[in-house]
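One structure is given below, encoded as C-alpha cells.
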Amino acid sequence: MPMNTKPLGPGSVVSPRVLAAVSGPSVAVPAPDRLVHLQFRRFAGCPVCNLHLRSVVRRHGEIEAAGVREVVVFHSPAEELLEHTADLPFAVIADPDKRLYAEFGVESAPRSLLSPRAWGPILRAILRSTWAIVRRRERGPAGRPHGGRLGLPADFLIATDGRVIAAKYGEHVYDQWSVDELLELSGRAPRPNLTTR
C-alpha cells in the first residue's frame with residue numbers, strides 16, 4: 001500500500017482492506033453495507049482517548065442505528081491494547097508501526113498537549129482515569145507508551161465505495177468529532193442501495 005503524507009479529504013478514495021481487530025472478528029474498510037467511522041486515537045490507556053471513547057460507548061446503539069460502524073485505531077501493540085479495550089463494543093485496531101497513520105496523513109505534534117484548548121479535557125481525563133485506576137476498573141497507561149504521547153486524533157467517515165465523505169484532523173489531543181457531529185454527518189451521507197434485482 002502506498003504511504004500518504006498528505007491529509008485525505010472529502011472525495012479521496014480509501015482502498016479496500018481487512019483490518020485485524022485485537023479481539024473479535026476482522027473488519028472490512030470500507031464496509032459493504034454501512035458507513036465506517038474510522039478514528040485514530042493515541043496509545044493504549046490514554047486518559048484523553050478513554051474520556052472520548054466512553055462517550056462513544058454510551059451512544060454506540062445510536063451510532064449503529066444510524067448505519068455507522070465504529071473502527072478505532074491505536075498506535076500500540078495488540079497485547080497492550082487488550083488490557084485496555086476488552087469491554088469496547090466496536091473494533092479496535094493495533095497499528096504499532098503507524099502504517100495506517102502514515103497512509104491517512106495522521107500526525108504527532110507537541111501542540112497535541114500544549115494547546116490551551118486541550119488543558120481542560122486533559123485535566124478531566126486524568127481525574128476520571130485516576131479514579132477508575134484507584135477503583136481497579138482501569139489499568140494505567142505504560143510509563144513510556146509505544147509511539148509516544150504526542151499523537152493527534154483524526155476522524156474519517158467512509159462510504160461503502162471507499163470515498164471519504166468527511167474528515168477531521170485534530171489540532172490538539174481532544175479535537176475530534178463528538179457523537180452528535182458524527183450522527184449529523186452520517187445523516188447527510190448518501191446511503192448504499194442494498195437491494196438486488
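For the C-alpha cells, the naming scheme is as follows: chains receive sequential letters (A, B, ...) according to their order of presentation, residues are indexed from 1 within each chain, and ligands are indexed from 1 in presentation order.
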
Range 36-172 of chain A: residues DSSP assigns to strand (DSSP E), reported as a ChimeraX atom specification: /A:36-40,68-74,91-94,154-158,164-169

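With only C-alpha atoms taken into account, the protein and nucleic acid residues at most 10 Å from range 17-22 of chain A (excluding it and anything under 5 positions from it in its own chain) are A:Met1, A:Val27, A:Ala28, A:Val29, A:Pro30, A:Ala31, A:Val71, A:Val72, A:Val73, A:Pro77, A:Ala78, A:Glu79, A:Glu80, A:Leu81, A:Leu82, A:Thr85, A:Ala86, A:Phe90, A:Ala91, A:Val92, A:Ile93, A:Ala94, A:Asp95.
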
Next, write the just-selected residues to a file, as a CSV table (one decimal), in the first residue's frame, keeping C-alpha atoms as the atom set.
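Once written, part_32.csv looks like this:
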chain,number,residue,atom,x,y,z
A,1,MET,CA,0.0,0.0,0.0
A,27,VAL,CA,-13.4,-5.7,9.9
A,28,ALA,CA,-13.6,-4.6,6.3
A,29,VAL,CA,-12.9,-0.9,5.5
A,30,PRO,CA,-14.9,0.2,3.6
A,31,ALA,CA,-17.8,-1.9,4.8
A,71,VAL,CA,-13.4,1.3,13.9
A,72,VAL,CA,-10.8,2.7,16.3
A,73,VAL,CA,-7.0,2.6,15.6
A,77,PRO,CA,0.7,-3.2,20.0
A,78,ALA,CA,-2.3,-5.6,20.3
A,79,GLU,CA,-1.1,-7.1,23.6
A,80,GLU,CA,-1.1,-3.7,25.2
A,81,LEU,CA,-4.5,-2.8,23.8
A,82,LEU,CA,-6.2,-5.9,25.0
A,85,THR,CA,-10.1,-2.2,25.3
A,86,ALA,CA,-11.7,-5.6,26.1
A,90,PHE,CA,-16.5,-1.9,18.4
A,91,ALA,CA,-13.4,-3.0,16.5
A,92,VAL,CA,-10.1,-1.8,17.9
A,93,ILE,CA,-7.1,-2.0,15.6
A,94,ALA,CA,-3.4,-2.1,16.6
A,95,ASP,CA,-1.1,-0.2,14.3

Residues near His75 in chain A, cut-off 9 Å, only C-alpha atoms, skip fewer than 5 positions along chain, as an mmCIF file with C-alpha atoms, in the first residue's frame:
data_model
loop_
_atom_site.group_PDB
_atom_site.id
_atom_site.type_symbol
_atom_site.label_atom_id
_atom_site.label_comp_id
_atom_site.auth_asym_id
_atom_site.auth_seq_id
_atom_site.Cartn_x
_atom_site.Cartn_y
_atom_site.Cartn_z
ATOM 1 C CA PHE A 40 -7.338 7.408 15.022
ATOM 2 C CA ARG A 41 -6.519 7.657 18.702
ATOM 3 C CA ARG A 42 -3.221 7.643 20.585
ATOM 4 C CA PHE A 43 -1.800 4.912 22.836
ATOM 5 C CA ALA A 44 -3.284 2.125 24.962
ATOM 6 C CA ILE A 93 -7.087 -1.992 15.587
ATOM 7 C CA ALA A 94 -3.429 -2.106 16.640
ATOM 8 C CA ASP A 95 -1.077 -0.175 14.336
ATOM 9 C CA PRO A 96 2.228 -0.079 16.255
ATOM 10 C CA ASP A 97 4.235 0.685 13.099
ATOM 11 C CA LYS A 98 1.878 3.599 12.295
ATOM 12 C CA TYR A 101 -1.418 6.725 10.414
ATOM 13 C CA HIS A 146 4.615 2.812 22.299
ATOM 14 C CA GLY A 147 4.574 5.513 19.617
ATOM 15 C CA GLY A 148 4.888 8.369 22.102
ATOM 16 C CA GLY A 151 -0.286 11.841 18.712
#

Residues within 12 Å of Arg34 in chain A, only C-alpha atoms, excluding chain neighbours under 3 positions, as a PyMOL selection string: chain A and resi 27-31+37+63-70+157-162+186+189-194

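In this structure, CA of Gln39 in chain A sits 9.9 Å away from CA of Tyr169 in chain A.
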
Helix (DSSP H, G or I) call set, DSSP backbone run, range 70-108 of chain A, as JSON, numbers by chain: {"A": [78, 79, 80, 81, 82, 83, 84, 85, 99, 100, 101, 102, 103]}

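Taking CA of Gly9 in chain A as the reference point, CA of Asp175 in chain A is found at 16.8 Å.
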